[in-house]
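Notes to accompany the following structure.
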Amino acid sequence: MTSEHTAQPRGGRIDGLLDQLSKKSAQYMERQATRPKSGPVPTPVATHATIYGQYAADAGNHYDRASPVPAFDSAPAATRFTPSAQFQTDWLDVVAPMAFETGGRRCEVETASGNGRRPGANGWTLVQGTLNGEPFTVFAGSGFFETLLMGWDGELRSLPAHPADAALALEVVLEKVIRAIEIRCSQTIDLVSAVTVATLPDLPWLSVVIRSGKDAASGGISAGPNAGRILEAFTAQNLHPGERSFDKTLLVKIGPIAMATEHVHRSRPGITIDCGADPSAEVLGILERSDGSFWPVSVEDEAVRVSGPLQKPLSANPGKGTTLVSLCIGSVSMPHFQRLLLGPDVRVPVKRIPGNIAEFHVGRKALMHGGLDVIDGSLVLNISGNGAVQ
């Protein structure tokens, strides 16, 4: 990492943090020293650490609009990537596998609206760097980067106070992520400073949500024309309008089964329904999206194997006195981008309804439920209750 700051006096706690970092980052620093550089860091970004130094003494530091700000923050709009209204709309429809792992913590990133950003308890962590020498800024709610740091090493409970030291800490923790982006984009990334601010600079942000387990943090990026071209290409390649409007839960069903409509009307607890399937042979079914679209599958005990592409919803009433029914035996929770990877021969683990129970569905509606059994080599459902399984 390129830096031009002068070492500042630090207390024992900060020295301890940096000692931990230096012990664990020798290999990383060796790579940094030998990889080709894009040239000196531009002066406006290099001076960012000095400008913000006075605000980085403790967790209460803040972004003071009355004080000098980095030249990048006040640069003419022509030097920035300013997304159009249409691009902002397209950005919300981007569905792609954006995830990283550090310190055993997996984080998934989704594009988001710029509205409803929620800072952490002490505001935002603002990180500045360069992409092939061009300035960029990223942010996340305070505490997010500290959580990553602590996951990497439990003894490191906060970012160093000095902005350039904090940037080095993040480069070490996020080394694999940074390297992956560099390889994919054929660009060189350097982090220069990281500080905590109470309010975000007025920049054209592209917003994201970063999820890790049950935790979620707001984040975003503001960059120049070079990064803008990369983001535009990425958006065009991963544009899937409406995909995120579908629930992440996919239903796993045996069927559809053509059943006489009058028999459907007579179904109630105590009735046994013959599914017409031989469980010793291949059992066919569907993996159903919340809009009724589905992937045809072969059903196994604890998984399904996809056998074809996504298909349009079927009519529950094909006519000729028949109704299409199905037996829901479980579900799959799958992020939006993973659904795009479903295709022939993909095997998906299933969360079965406990007790070998299945729900009797017409469309998405669970009319009854009961236990699965085999009678004379045929799979049957012994209806035991109305509605869905409670």
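Just remember, in the structure tokens the first chain shown is A, the second B, etc., residues are 1-based per chain, and ligands are 1-based in the order shown.
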Sorted by chain and rising residue number, which residues of range 233-287 of chain A lie within 12 Å of range 350-370 of chain A, and what are their closest atom pairs and distances in Å to one decimal, counting only C-alpha atoms, as JSON lines?
```
{"residue": "A:Thr249", "atom": "CA", "partner": "A:Lys351", "partner_atom": "CA", "distance": 10.6}
{"residue": "A:Leu250", "atom": "CA", "partner": "A:Val350", "partner_atom": "CA", "distance": 9.6}
{"residue": "A:Leu251", "atom": "CA", "partner": "A:Arg364", "partner_atom": "CA", "distance": 9.1}
{"residue": "A:Val252", "atom": "CA", "partner": "A:Val350", "partner_atom": "CA", "distance": 7.6}
{"residue": "A:Lys253", "atom": "CA", "partner": "A:Ala358", "partner_atom": "CA", "distance": 8.8}
{"residue": "A:Ile254", "atom": "CA", "partner": "A:Ala358", "partner_atom": "CA", "distance": 9.3}
{"residue": "A:Gly255", "atom": "CA", "partner": "A:His361", "partner_atom": "CA", "distance": 10.0}
{"residue": "A:Pro256", "atom": "CA", "partner": "A:Val362", "partner_atom": "CA", "distance": 9.3}
{"residue": "A:Ile257", "atom": "CA", "partner": "A:Val362", "partner_atom": "CA", "distance": 10.0}
{"residue": "A:Ala258", "atom": "CA", "partner": "A:Val362", "partner_atom": "CA", "distance": 10.7}
{"residue": "A:Met259", "atom": "CA", "partner": "A:Val362", "partner_atom": "CA", "distance": 10.5}
{"residue": "A:Thr261", "atom": "CA", "partner": "A:Val362", "partner_atom": "CA", "distance": 10.9}
{"residue": "A:Val264", "atom": "CA", "partner": "A:Val362", "partner_atom": "CA", "distance": 9.2}
{"residue": "A:His265", "atom": "CA", "partner": "A:Leu367", "partner_atom": "CA", "distance": 10.3}
{"residue": "A:Arg266", "atom": "CA", "partner": "A:Leu367", "partner_atom": "CA", "distance": 11.7}
{"residue": "A:Ser267", "atom": "CA", "partner": "A:Met368", "partner_atom": "CA", "distance": 8.3}
{"residue": "A:Arg268", "atom": "CA", "partner": "A:Met368", "partner_atom": "CA", "distance": 7.3}
{"residue": "A:Pro269", "atom": "CA", "partner": "A:Met368", "partner_atom": "CA", "distance": 7.7}
{"residue": "A:Gly270", "atom": "CA", "partner": "A:Gly370", "partner_atom": "CA", "distance": 9.2}
{"residue": "A:Ile271", "atom": "CA", "partner": "A:Gly370", "partner_atom": "CA", "distance": 9.6}
{"residue": "A:Thr272", "atom": "CA", "partner": "A:Gly370", "partner_atom": "CA", "distance": 9.1}
{"residue": "A:Ile273", "atom": "CA", "partner": "A:Phe360", "partner_atom": "CA", "distance": 9.5}
{"residue": "A:Asp274", "atom": "CA", "partner": "A:Phe360", "partner_atom": "CA", "distance": 11.8}
{"residue": "A:Cys275", "atom": "CA", "partner": "A:Phe360", "partner_atom": "CA", "distance": 10.6}
{"residue": "A:Leu287", "atom": "CA", "partner": "A:Val350", "partner_atom": "CA", "distance": 10.1}
```
Exercise for review: Looking only at strand (DSSP E) from DSSP on the backbone, list the matching residues of range 239-306 of chain A as a PyMOL selection string.
Suggested key: chain A and resi 249-260+272-274+283-288+294-299+303-306
Keeping only N, CA and C atoms, take the residues you just selected and write them out as an mmCIF file, in the first residue's frame.
```cif
data_model
loop_
_atom_site.group_PDB
_atom_site.id
_atom_site.type_symbol
_atom_site.label_atom_id
_atom_site.label_comp_id
_atom_site.auth_asym_id
_atom_site.auth_seq_id
_atom_site.Cartn_x
_atom_site.Cartn_y
_atom_site.Cartn_z
ATOM 1 N N THR A 249 -37.725 -18.890 -0.771
ATOM 2 C CA THR A 249 -38.114 -20.264 -0.487
ATOM 3 C C THR A 249 -38.731 -20.928 -1.714
ATOM 4 N N LEU A 250 -38.162 -22.038 -2.124
ATOM 5 C CA LEU A 250 -38.688 -22.858 -3.214
ATOM 6 C C LEU A 250 -39.350 -24.095 -2.608
ATOM 7 N N LEU A 251 -40.537 -24.445 -3.095
ATOM 8 C CA LEU A 251 -41.235 -25.622 -2.593
ATOM 9 C C LEU A 251 -40.848 -26.857 -3.398
ATOM 10 N N VAL A 252 -40.695 -27.964 -2.703
ATOM 11 C CA VAL A 252 -40.366 -29.241 -3.351
ATOM 12 C C VAL A 252 -41.628 -30.093 -3.344
ATOM 13 N N LYS A 253 -42.064 -30.483 -4.541
ATOM 14 C CA LYS A 253 -43.338 -31.194 -4.655
ATOM 15 C C LYS A 253 -43.197 -32.453 -5.512
ATOM 16 N N ILE A 254 -43.948 -33.488 -5.122
ATOM 17 C CA ILE A 254 -44.129 -34.665 -5.963
ATOM 18 C C ILE A 254 -45.320 -34.380 -6.876
ATOM 19 N N GLY A 255 -45.156 -34.636 -8.158
ATOM 20 C CA GLY A 255 -46.231 -34.348 -9.101
ATOM 21 C C GLY A 255 -45.738 -33.414 -10.198
ATOM 22 N N PRO A 256 -46.668 -32.714 -10.864
ATOM 23 C CA PRO A 256 -48.104 -32.672 -10.605
ATOM 24 C C PRO A 256 -48.816 -33.981 -10.990
ATOM 25 N N ILE A 257 -49.935 -34.223 -10.280
ATOM 26 C CA ILE A 257 -50.718 -35.430 -10.466
ATOM 27 C C ILE A 257 -52.098 -35.036 -10.987
ATOM 28 N N ALA A 258 -52.523 -35.625 -12.097
ATOM 29 C CA ALA A 258 -53.855 -35.365 -12.648
ATOM 30 C C ALA A 258 -54.862 -36.205 -11.870
ATOM 31 N N MET A 259 -55.759 -35.523 -11.157
ATOM 32 C CA MET A 259 -56.724 -36.196 -10.290
ATOM 33 C C MET A 259 -58.137 -35.778 -10.693
ATOM 34 N N ALA A 260 -59.056 -36.706 -10.694
ATOM 35 C CA ALA A 260 -60.447 -36.369 -11.018
ATOM 36 C C ALA A 260 -60.926 -35.266 -10.088
ATOM 37 N N THR A 272 -57.460 -41.773 1.740
ATOM 38 C CA THR A 272 -56.130 -42.100 1.218
ATOM 39 C C THR A 272 -56.089 -41.779 -0.268
ATOM 40 N N ILE A 273 -55.051 -41.042 -0.671
ATOM 41 C CA ILE A 273 -54.899 -40.636 -2.068
ATOM 42 C C ILE A 273 -53.730 -41.395 -2.681
ATOM 43 N N ASP A 274 -53.983 -42.081 -3.786
ATOM 44 C CA ASP A 274 -52.931 -42.796 -4.521
ATOM 45 C C ASP A 274 -52.232 -41.802 -5.438
ATOM 46 N N VAL A 283 -38.965 -40.946 -8.877
ATOM 47 C CA VAL A 283 -40.133 -40.167 -8.492
ATOM 48 C C VAL A 283 -39.968 -38.767 -9.064
ATOM 49 N N LEU A 284 -40.899 -38.359 -9.908
ATOM 50 C CA LEU A 284 -40.797 -37.061 -10.566
ATOM 51 C C LEU A 284 -41.501 -35.986 -9.752
ATOM 52 N N GLY A 285 -40.988 -34.783 -9.844
ATOM 53 C CA GLY A 285 -41.584 -33.687 -9.107
ATOM 54 C C GLY A 285 -41.150 -32.350 -9.673
ATOM 55 N N ILE A 286 -41.384 -31.300 -8.895
ATOM 56 C CA ILE A 286 -41.027 -29.950 -9.326
ATOM 57 C C ILE A 286 -40.403 -29.189 -8.158
ATOM 58 N N LEU A 287 -39.543 -28.258 -8.499
ATOM 59 C CA LEU A 287 -38.982 -27.291 -7.556
ATOM 60 C C LEU A 287 -39.628 -25.963 -7.924
ATOM 61 N N GLU A 288 -40.563 -25.497 -7.095
ATOM 62 C CA GLU A 288 -41.476 -24.435 -7.491
ATOM 63 C C GLU A 288 -41.109 -23.080 -6.889
ATOM 64 N N PHE A 294 -41.448 -23.317 -12.334
ATOM 65 C CA PHE A 294 -40.817 -24.467 -11.684
ATOM 66 C C PHE A 294 -39.712 -25.070 -12.538
ATOM 67 N N TRP A 295 -38.833 -25.783 -11.848
ATOM 68 C CA TRP A 295 -37.822 -26.631 -12.494
ATOM 69 C C TRP A 295 -38.274 -28.082 -12.323
ATOM 70 N N PRO A 296 -38.344 -28.866 -13.385
ATOM 71 C CA PRO A 296 -38.642 -30.299 -13.222
ATOM 72 C C PRO A 296 -37.484 -30.985 -12.511
ATOM 73 N N VAL A 297 -37.809 -31.900 -11.602
ATOM 74 C CA VAL A 297 -36.767 -32.571 -10.819
ATOM 75 C C VAL A 297 -37.111 -34.034 -10.632
ATOM 76 N N SER A 298 -36.106 -34.816 -10.292
ATOM 77 C CA SER A 298 -36.330 -36.162 -9.767
ATOM 78 C C SER A 298 -36.108 -36.074 -8.262
ATOM 79 N N VAL A 299 -37.004 -36.688 -7.498
ATOM 80 C CA VAL A 299 -37.018 -36.533 -6.045
ATOM 81 C C VAL A 299 -36.263 -37.672 -5.381
ATOM 82 N N ALA A 303 -32.959 -34.798 -1.121
ATOM 83 C CA ALA A 303 -32.498 -33.852 -2.138
ATOM 84 C C ALA A 303 -33.346 -34.022 -3.389
ATOM 85 N N VAL A 304 -33.176 -33.096 -4.322
ATOM 86 C CA VAL A 304 -33.762 -33.227 -5.649
ATOM 87 C C VAL A 304 -32.670 -32.999 -6.677
ATOM 88 N N ARG A 305 -32.838 -33.585 -7.847
ATOM 89 C CA ARG A 305 -31.891 -33.379 -8.941
ATOM 90 C C ARG A 305 -32.653 -32.742 -10.104
ATOM 91 N N VAL A 306 -32.204 -31.562 -10.501
ATOM 92 C CA VAL A 306 -32.885 -30.810 -11.559
ATOM 93 C C VAL A 306 -32.714 -31.537 -12.879
#
```
**Study point:** For Pro83 in chain A, the nearest of the candidates A:Gly224, A:Gly103, A:Gly219, A:Gly129, counting only C-alpha atoms
**Key:**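 Among A:Gly224, A:Gly103, A:Gly219, A:Gly129, it is A:Gly224 that comes nearest to Pro83 in chain A.
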Exercise for review: Determine which residues of range 259-361 of chain A DSSP labels as helix (DSSP H, G or I) from the backbone of this structure, then write them out as a VMD selection string.
Suggested key: chain A and resid 261 to 266 336 to 339 354 to 356
Expected file contents, prior selection, N, CA, C and O atoms, as a PDB file, in the first residue's frame:
```pdb
ATOM      1  N   THR A 261     -61.489 -34.213 -10.662  1.00  0.00           N
ATOM      2  CA  THR A 261     -61.899 -33.062  -9.873  1.00  0.00           C
ATOM      3  C   THR A 261     -62.879 -33.441  -8.775  1.00  0.00           C
ATOM      4  O   THR A 261     -62.799 -32.920  -7.646  1.00  0.00           O
ATOM      5  N   GLU A 262     -63.792 -34.371  -9.063  1.00  0.00           N
ATOM      6  CA  GLU A 262     -64.760 -34.763  -8.040  1.00  0.00           C
ATOM      7  C   GLU A 262     -64.082 -35.457  -6.866  1.00  0.00           C
ATOM      8  O   GLU A 262     -64.508 -35.329  -5.710  1.00  0.00           O
ATOM      9  N   HIS A 263     -62.969 -36.153  -7.110  1.00  0.00           N
ATOM     10  CA  HIS A 263     -62.230 -36.787  -6.025  1.00  0.00           C
ATOM     11  C   HIS A 263     -61.500 -35.739  -5.181  1.00  0.00           C
ATOM     12  O   HIS A 263     -61.360 -35.908  -3.962  1.00  0.00           O
ATOM     13  N   VAL A 264     -61.021 -34.675  -5.841  1.00  0.00           N
ATOM     14  CA  VAL A 264     -60.387 -33.581  -5.097  1.00  0.00           C
ATOM     15  C   VAL A 264     -61.398 -32.979  -4.127  1.00  0.00           C
ATOM     16  O   VAL A 264     -61.108 -32.720  -2.945  1.00  0.00           O
ATOM     17  N   HIS A 265     -62.636 -32.777  -4.609  1.00  0.00           N
ATOM     18  CA  HIS A 265     -63.675 -32.164  -3.786  1.00  0.00           C
ATOM     19  C   HIS A 265     -64.070 -33.055  -2.607  1.00  0.00           C
ATOM     20  O   HIS A 265     -64.538 -32.559  -1.572  1.00  0.00           O
ATOM     21  N   ARG A 266     -63.885 -34.359  -2.744  1.00  0.00           N
ATOM     22  CA  ARG A 266     -64.272 -35.286  -1.686  1.00  0.00           C
ATOM     23  C   ARG A 266     -63.139 -35.575  -0.708  1.00  0.00           C
ATOM     24  O   ARG A 266     -63.335 -36.309   0.272  1.00  0.00           O
ATOM     25  N   HIS A 336     -31.234 -15.410  -4.425  1.00  0.00           N
ATOM     26  CA  HIS A 336     -31.677 -15.132  -5.782  1.00  0.00           C
ATOM     27  C   HIS A 336     -30.622 -15.527  -6.823  1.00  0.00           C
ATOM     28  O   HIS A 336     -30.952 -16.146  -7.842  1.00  0.00           O
ATOM     29  N   PHE A 337     -29.368 -15.182  -6.579  1.00  0.00           N
ATOM     30  CA  PHE A 337     -28.348 -15.448  -7.596  1.00  0.00           C
ATOM     31  C   PHE A 337     -28.117 -16.943  -7.770  1.00  0.00           C
ATOM     32  O   PHE A 337     -27.781 -17.399  -8.856  1.00  0.00           O
ATOM     33  N   GLN A 338     -28.306 -17.737  -6.697  1.00  0.00           N
ATOM     34  CA  GLN A 338     -28.103 -19.178  -6.831  1.00  0.00           C
ATOM     35  C   GLN A 338     -29.189 -19.817  -7.698  1.00  0.00           C
ATOM     36  O   GLN A 338     -28.937 -20.812  -8.379  1.00  0.00           O
ATOM     37  N   ARG A 339     -30.398 -19.254  -7.678  1.00  0.00           N
ATOM     38  CA  ARG A 339     -31.470 -19.797  -8.525  1.00  0.00           C
ATOM     39  C   ARG A 339     -31.099 -19.701 -10.004  1.00  0.00           C
ATOM     40  O   ARG A 339     -31.510 -20.536 -10.804  1.00  0.00           O
ATOM     41  N   PRO A 354     -40.940 -32.592   8.669  1.00  0.00           N
ATOM     42  CA  PRO A 354     -40.649 -33.697   9.595  1.00  0.00           C
ATOM     43  C   PRO A 354     -41.757 -34.756   9.612  1.00  0.00           C
ATOM     44  O   PRO A 354     -42.923 -34.491   9.311  1.00  0.00           O
ATOM     45  N   GLY A 355     -41.357 -35.971  10.003  1.00  0.00           N
ATOM     46  CA  GLY A 355     -42.322 -37.048  10.209  1.00  0.00           C
ATOM     47  C   GLY A 355     -42.863 -37.672   8.949  1.00  0.00           C
ATOM     48  O   GLY A 355     -43.930 -38.298   8.983  1.00  0.00           O
ATOM     49  N   ASN A 356     -42.152 -37.519   7.834  1.00  0.00           N
ATOM     50  CA  ASN A 356     -42.614 -38.086   6.557  1.00  0.00           C
ATOM     51  C   ASN A 356     -44.014 -37.591   6.194  1.00  0.00           C
ATOM     52  O   ASN A 356     -44.842 -38.323   5.650  1.00  0.00           O
TER      53      ASN A 356
END
```
Review point. In terms of the shortest atom-to-atom distance over only C-alpha atoms, which of A:Leu327, A:Ser207, A:Pro160, A:Gln128 is closest to Asn382 in chain A?
Key: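 Smallest separation from Asn382 in chain A among the options: A:Leu327.
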**Study point:** Among the residues A:Arg184, A:Arg229, A:Arg289, A:Lys320, the one that comes closest to Leu342 in chain A [using only C-alpha atoms]
**Key:**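 Between A:Arg184, A:Arg229, A:Arg289, A:Lys320, the residue approaching Leu342 in chain A most closely is A:Arg289.
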Point to revise | Of the listed residues A:Gly371, A:Pro241, A:Gly385, A:Gly220, that which approaches Ser113 in chain A most closely, counting only C-alpha atoms | key: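 Using only C-alpha atoms, Ser113 in chain A sits closest to A:Gly220.
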Neighbouring residues of range 232-235 of chain A were defined as those with any atom within 10 Å, considering only C-alpha atoms; residues of the same chain fewer than 4 positions away were excluded. Please report them as a JSON list (two decimals) with N, CA and C atoms, in the first residue's frame.
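Output below, filename part-v4.json:
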```
[["chain", "number", "residue", "atom", "x", "y", "z"],
["A", 83, "PRO", "N", -24.22, 7.87, -11.92],
["A", 83, "PRO", "CA", -25.21, 6.98, -12.52],
["A", 83, "PRO", "C", -26.46, 7.73, -12.95],
["A", 87, "PHE", "N", -29.79, 3.85, -14.97],
["A", 87, "PHE", "CA", -28.78, 2.96, -14.41],
["A", 87, "PHE", "C", -29.11, 2.60, -12.96],
["A", 90, "ASP", "N", -31.67, -0.03, -13.11],
["A", 90, "ASP", "CA", -31.04, -1.30, -13.51],
["A", 90, "ASP", "C", -30.23, -1.90, -12.36],
["A", 91, "TRP", "N", -29.56, -1.04, -11.59],
["A", 91, "TRP", "CA", -28.72, -1.49, -10.47],
["A", 91, "TRP", "C", -29.53, -2.33, -9.48],
["A", 92, "LEU", "N", -30.78, -1.93, -9.26],
["A", 92, "LEU", "CA", -31.64, -2.66, -8.33],
["A", 92, "LEU", "C", -32.01, -4.04, -8.87],
["A", 93, "ASP", "N", -31.93, -4.23, -10.18],
["A", 93, "ASP", "CA", -32.28, -5.51, -10.80],
["A", 93, "ASP", "C", -31.08, -6.41, -11.04],
["A", 94, "VAL", "N", -29.91, -6.00, -10.53],
["A", 94, "VAL", "CA", -28.72, -6.84, -10.67],
["A", 94, "VAL", "C", -28.79, -7.98, -9.66],
["A", 95, "VAL", "N", -28.68, -9.20, -10.16],
["A", 95, "VAL", "CA", -28.64, -10.38, -9.30],
["A", 95, "VAL", "C", -27.41, -11.18, -9.72],
["A", 96, "ALA", "N", -26.44, -11.26, -8.83],
["A", 96, "ALA", "CA", -25.18, -11.93, -9.17],
["A", 96, "ALA", "C", -24.56, -12.48, -7.90],
["A", 227, "ALA", "N", -13.93, 2.94, -13.06],
["A", 227, "ALA", "CA", -14.73, 1.98, -12.30],
["A", 227, "ALA", "C", -16.17, 1.99, -12.81],
["A", 228, "GLY", "N", -16.65, 3.15, -13.25],
["A", 228, "GLY", "CA", -18.00, 3.25, -13.76],
["A", 228, "GLY", "C", -18.22, 2.34, -14.96],
["A", 239, "LEU", "N", -28.25, -8.43, -15.27],
["A", 239, "LEU", "CA", -29.55, -7.77, -15.15],
["A", 239, "LEU", "C", -30.67, -8.81, -15.23],
["A", 240, "HIS", "N", -31.42, -8.96, -14.15],
["A", 240, "HIS", "CA", -32.53, -9.92, -14.10],
["A", 240, "HIS", "C", -33.73, -9.23, -13.45]]
```
Practice item. Do a neighbour search on range 314-317 of chain A at 8 Å with only C-alpha atoms, toss out local chain neighbours closer than 3 positions, and write the hits as a list in words. Key: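 So, after excluding close chain neighbours, the residues are Gly292, Ser293, Thr322, Thr323, Leu324, Val325, Val362 and Gly363 of chain A.
With distances restricted to only C-alpha atoms, A:Phe136 is the closest residue to Leu191 in chain A from A:Phe136, A:Phe100, A:Phe145, A:Trp152.
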Practice item. Take CA of Gly321 in chain A and CA of Pro279 in chain A and report the distance between them in Å, one decimal. Key: 26.9 Å
**Study point:** Gap from CA of Ser218 in chain A to CA of Gly141 in chain A - Å, one decimal
**Key:** 5.8 Å
